[in-house]
$ cat my_file_20.cif   # mmCIF, C-alpha atoms
data_input
loop_
_atom_site.label_atom_id
_atom_site.label_comp_id
_atom_site.auth_asym_id
_atom_site.auth_seq_id
_atom_site.Cartn_x
_atom_site.Cartn_y
_atom_site.Cartn_z
CA MET A 1 87.91 96.47 35.25
CA SER A 2 88.42 98.04 38.68
CA GLU A 3 89.28 101.71 38.98
CA GLU A 4 92.79 100.90 40.26
CA LEU A 5 93.45 98.43 37.44
CA THR A 6 92.18 100.94 34.88
CA ARG A 7 94.56 103.56 36.30
CA ILE A 8 97.56 101.19 36.20
CA VAL A 9 96.82 100.00 32.64
CA GLY A 10 96.21 103.61 31.56
CA GLY A 11 99.65 104.57 32.85
CA ILE A 12 101.57 102.13 30.63
CA GLY A 13 101.21 104.16 27.40
CA PRO A 14 102.41 107.49 28.84
CA LYS A 15 105.38 105.75 30.51
CA VAL A 16 106.39 104.14 27.20
CA ARG A 17 106.03 107.45 25.33
CA ASN A 18 107.99 109.42 27.97
CA LEU A 19 110.86 106.91 28.08
CA ARG A 20 111.01 106.72 24.28
CA LYS A 21 111.22 110.51 24.03
CA GLN A 22 113.81 110.73 26.82
CA ALA A 23 115.91 108.22 24.91
CA GLY A 24 115.54 110.31 21.74
CA LEU A 25 114.03 107.38 19.84
CA SER A 26 111.51 107.58 17.02
CA LEU A 27 108.68 105.05 16.95
CA GLN A 28 110.54 103.16 14.21
CA GLN A 29 113.82 103.13 16.15
CA LEU A 30 112.07 101.69 19.21
CA ALA A 31 110.30 99.20 16.94
CA ASP A 32 113.65 98.06 15.51
CA GLN A 33 115.20 97.70 18.98
CA SER A 34 112.22 95.90 20.52
CA ASP A 35 111.06 93.76 17.58
CA VAL A 36 107.54 95.21 18.07
CA SER A 37 105.89 97.07 15.18
CA ALA A 38 105.87 100.87 15.21
CA ALA A 39 102.08 100.77 14.78
CA ALA A 40 101.68 98.62 17.90
CA ILE A 41 103.96 100.91 19.92
CA HIS A 42 101.94 103.93 18.76
CA LYS A 43 98.69 102.23 19.85
CA ILE A 44 100.21 101.37 23.24
CA GLU A 45 101.39 104.96 23.73
CA GLN A 46 97.93 106.30 22.88
CA ASN A 47 96.25 103.75 25.21
CA GLY A 48 94.51 102.27 22.17
CA MET A 49 95.95 98.84 22.92
CA VAL A 50 96.90 96.99 26.11
CA PRO A 51 100.18 95.17 25.40
CA THR A 52 100.56 91.46 26.02
CA ILE A 53 103.17 90.53 28.60
CA THR A 54 105.49 89.38 25.78
CA THR A 55 105.14 92.72 23.97
CA LEU A 56 105.67 94.65 27.20
CA LEU A 57 108.79 92.56 27.97
CA LYS A 58 110.23 93.42 24.55
CA VAL A 59 109.45 97.14 24.81
CA ALA A 60 110.66 97.32 28.42
CA GLY A 61 113.93 95.58 27.48
CA ALA A 62 114.53 98.00 24.60
CA LEU A 63 113.90 100.94 26.93
CA GLY A 64 116.17 99.51 29.63
CA ARG A 65 113.46 99.10 32.26
CA PRO A 66 111.95 96.11 34.03
CA VAL A 67 108.31 95.35 33.27
CA ALA A 68 107.50 96.26 36.88
CA TYR A 69 108.33 99.90 36.08
CA PHE A 70 105.29 100.07 33.81
CA VAL A 71 102.82 98.55 36.28
CA ASP A 72 104.20 99.56 39.70
CA GLU A 73 102.53 102.34 41.52
CA GLU A 74 104.82 105.30 41.95
CA ASP A 75 103.96 106.64 45.36
CA VAL A 76 106.20 109.67 45.74
CA HIS A 77 105.43 109.72 49.47
CA ALA A 78 106.79 106.21 49.98
CA ASP A 79 109.89 105.75 52.09
CA PRO A 80 112.84 105.90 49.64
CA THR A 81 114.81 103.32 51.62
CA VAL A 82 114.81 99.66 50.67
CA HIS A 83 116.42 96.90 52.74
CA THR A 84 116.92 93.57 50.98
CA PRO A 85 117.85 90.85 53.48
CA HIS A 86 119.76 87.76 52.41
CA GLY A 87 117.41 85.30 50.76
CA GLU A 88 114.78 87.93 49.93
CA HIS A 89 116.13 89.18 46.60
CA ARG A 90 113.19 89.82 44.26
CA PRO A 91 113.35 88.28 40.79
CA ILE A 92 113.83 90.77 37.96
CA TYR A 93 112.27 89.72 34.68
CA THR A 94 114.23 90.14 31.47
CA SER A 95 113.59 89.25 27.86
CA HIS A 96 117.05 87.60 27.67
CA SER A 97 117.20 83.84 28.29
CA GLY A 98 119.92 82.18 30.31
CA ILE A 99 120.27 84.99 32.83
CA ASP A 100 118.73 85.00 36.29
CA LEU A 101 118.56 88.41 37.99
CA ALA A 102 118.03 88.60 41.75
CA GLY A 103 117.28 92.23 42.68
CA ILE A 104 119.33 93.80 45.46
CA SER A 105 117.94 97.34 45.14
CA GLY A 106 114.70 99.28 45.03
CA THR A 107 112.72 99.60 41.80
CA TYR A 108 113.45 102.08 39.00
CA GLY A 109 110.23 103.93 39.71
CA ARG A 110 111.68 105.27 42.94
CA PHE A 111 115.43 105.13 42.23
CA PHE A 112 117.79 105.95 39.37
CA LEU A 113 120.10 103.05 40.26
CA ALA A 114 119.17 99.37 40.25
CA GLY A 115 121.30 96.39 41.07
CA ALA A 116 121.07 92.64 40.85
CA GLN A 117 123.09 89.53 41.40
CA ALA A 118 123.20 88.07 37.90
CA THR A 119 123.71 84.37 37.26
CA VAL A 120 124.49 83.86 33.57
CA ALA A 121 124.35 80.34 32.13
CA PRO A 122 127.13 79.06 29.84
CA GLY A 123 126.52 80.29 26.29
CA ALA A 124 123.82 82.80 27.32
CA SER A 125 124.01 86.18 25.59
CA SER A 126 122.25 89.49 25.09
CA GLY A 127 121.25 88.41 21.57
CA ASP A 128 122.26 89.10 17.99
CA LYS A 129 121.63 92.86 18.01
CA PRO A 130 123.79 95.17 20.16
CA LEU A 131 121.89 96.98 22.91
CA GLU A 132 121.76 100.78 23.15
CA HIS A 133 119.84 102.78 25.76
CA PRO A 134 120.35 105.77 28.05
CA GLY A 135 122.27 105.25 31.28
CA GLU A 136 125.29 103.44 32.67
CA GLU A 137 126.10 99.90 33.76
CA LEU A 138 128.69 98.60 36.20
CA ILE A 139 129.43 94.89 36.29
CA TYR A 140 131.62 93.22 38.94
CA VAL A 141 132.29 89.53 38.31
CA LEU A 142 132.26 87.23 41.35
CA GLU A 143 132.60 83.83 39.62
CA GLY A 144 133.20 82.57 36.08
CA THR A 145 133.75 84.74 33.01
CA LEU A 146 131.70 87.24 31.04
CA GLU A 147 132.64 88.77 27.72
CA PHE A 148 131.39 92.23 26.81
CA VAL A 149 131.69 94.12 23.54
CA VAL A 150 131.27 97.88 24.02
CA ASN A 151 131.60 100.10 20.98
CA ASP A 152 133.45 97.29 19.13
CA ARG A 153 135.96 96.83 22.00
CA GLU A 154 136.08 93.37 23.62
CA PHE A 155 136.46 92.88 27.37
CA LEU A 156 136.87 89.46 29.00
CA LEU A 157 135.99 89.71 32.69
CA GLY A 158 136.96 87.15 35.32
CA PRO A 159 136.56 87.09 39.11
CA GLN A 160 137.13 90.51 40.70
CA ASP A 161 137.17 92.27 37.29
CA ALA A 162 134.81 95.19 36.72
CA LEU A 163 133.49 97.05 33.70
CA HIS A 164 131.71 100.43 33.82
CA PHE A 165 130.33 102.03 30.66
CA ARG A 166 127.76 104.43 29.24
CA THR A 167 124.99 102.37 27.67
CA VAL A 168 124.31 104.76 24.78
CA GLN A 169 127.22 102.92 23.16
CA PRO A 170 126.38 99.72 21.28
CA HIS A 171 127.05 96.86 23.69
CA SER A 172 126.50 93.15 24.13
CA TRP A 173 127.44 90.41 26.57
CA HIS A 174 127.77 86.65 26.72
CA ASN A 175 129.15 83.87 28.90
CA PRO A 176 131.88 82.12 26.91
CA GLY A 177 132.68 79.71 29.76
CA LYS A 178 131.50 76.23 30.65
CA THR A 179 130.12 77.21 34.07
CA ASP A 180 127.67 79.83 35.34
CA ALA A 181 129.06 83.34 35.66
CA VAL A 182 127.92 85.28 38.73
CA ALA A 183 128.22 89.06 38.85
CA LEU A 184 126.91 92.11 40.64
CA TRP A 185 125.23 94.10 37.87
CA MET A 186 124.36 97.74 38.51
CA ALA A 187 122.37 99.90 36.11
CA LEU A 188 121.76 103.63 36.23
CA ARG A 189 118.83 104.91 34.19
CA PRO A 190 118.06 108.58 33.77
CA GLN A 191 114.48 109.47 34.73
#

$ encode --input "my_file_20.cif" --output "structure tokens"
Amino acid sequence: MSEELTRIVGGIGPKVRNLRKQAGLSLQQLADQSDVSAAAIHKIEQNGMVPTITTLLKVAGALGRPVAYFVDEEDVHADPTVHTPHGEHRPIYTSHSGIDLAGISGTYGRFFLAGAQATVAPGASSGDKPLEHPGEELIYVLEGTLEFVVNDREFLLGPQDALHFRTVQPHSWHNPGKTDAVALWMALRPQ
């Protein structure tokens, strides 16, 4: 393994541990939220195990970060300005199916705020378990409908509707319509 690859892989564990602690989660709580065993998470944090991409997707999703956060270099001297021209939105990978995220912002490693144009297929959802993680989300619907449940309150959003909430509250989303829903989806994650 090259020196650079060794450094990148060696950085995954500390990033997982730091985010877990910032979120105030025990190993078991993160295990429950990510559907990855507490023992595996502990091994990842201690650099005793390199996670598979599937495992990293699950852990990253539970911690509210894209997989890229764990493998991107974090050059603090890099220009903190990102221009995303039309047609050059970078794909953001998520463990949820039925949602396509086209990034319109810089990565979490350099910024607290991330945004994407989200295209959510009919029937797609965040899953059976409500999500909870540090930060905030702001969703502005452009087309179609999205239903959110935040802290047991239901919100049906149509075109030009917005929802802004703290994500430490239990929340979930789904597209109840028969057509794709398109929204601008902003997420703020504390560092």

$ resolve_selection --input "my_file_20.cif" --expression "the PyMOL selection byres ((chain A and resi 182) around 6)" --output "list of chain:residue names"
A:Ala118, A:Thr119, A:Leu142, A:Glu143, A:Ala181, A:Ala183

$ resolve_selection --input "my_file_20.cif" --expression "the PyMOL selection byres ((chain A and resi 141) around 8)" --output "VMD selection string"
chain A and resid 139 to 140 142 to 146 157 to 162 181 to 184

$ resolve_selection --input "my_file_20.cif" --expression "the PyMOL selection byres ((chain A and resi 186) around 8)" --output "PyMOL selection string"
chain A and resi 113-116+137-139+184-185+187-188

$ write_last_selection --input "my_file_20.cif" --atoms "C-alpha atoms" --output "compact mmCIF listing (two decimals), in the frame of the given file"
# COMPACT_ATOMS: atom_id res chain seq x y z
CA LEU A 113 120.10 103.05 40.26
CA ALA A 114 119.17 99.37 40.25
CA GLY A 115 121.30 96.39 41.07
CA ALA A 116 121.07 92.64 40.85
CA GLU A 137 126.10 99.90 33.76
CA LEU A 138 128.69 98.60 36.20
CA ILE A 139 129.43 94.89 36.29
CA LEU A 184 126.91 92.11 40.64
CA TRP A 185 125.23 94.10 37.87
CA ALA A 187 122.37 99.90 36.11
CA LEU A 188 121.76 103.63 36.23

$ atom_distance --input "my_file_20.cif" --atom1 "CA of Val82 in chain A" --atom2 "CA of Ala102 in chain A"
14.6 Å

$ closest_residue --input "my_file_20.cif" --among "A:Glu147, A:Ile8, A:Leu25, A:Glu154" --to "Leu63 in chain A" --atoms "all atoms listed in the file"
A:Leu25

$ closest_residue --input "my_file_20.cif" --among "A:Thr52, A:His83, A:Lys21, A:Ala62" --to "Pro130 in chain A" --atoms "all atoms listed in the file"
A:Ala62

$ atom_distance --input "my_file_20.cif" --atom1 "CA of Lys178 in chain A" --atom2 "CA of Gly98 in chain A"
13.0 Å

$ axis_aligned_box --input "my_file_20.cif" --around "range 126-143 of chain A" --padding-each-side "6 Å" --output "lines of an AutoDock Vina configuration file"
center_x = 126.2
center_y = 94.8
center_z = 29.7
size_x = 24.8
size_y = 33.9
size_z = 35.4
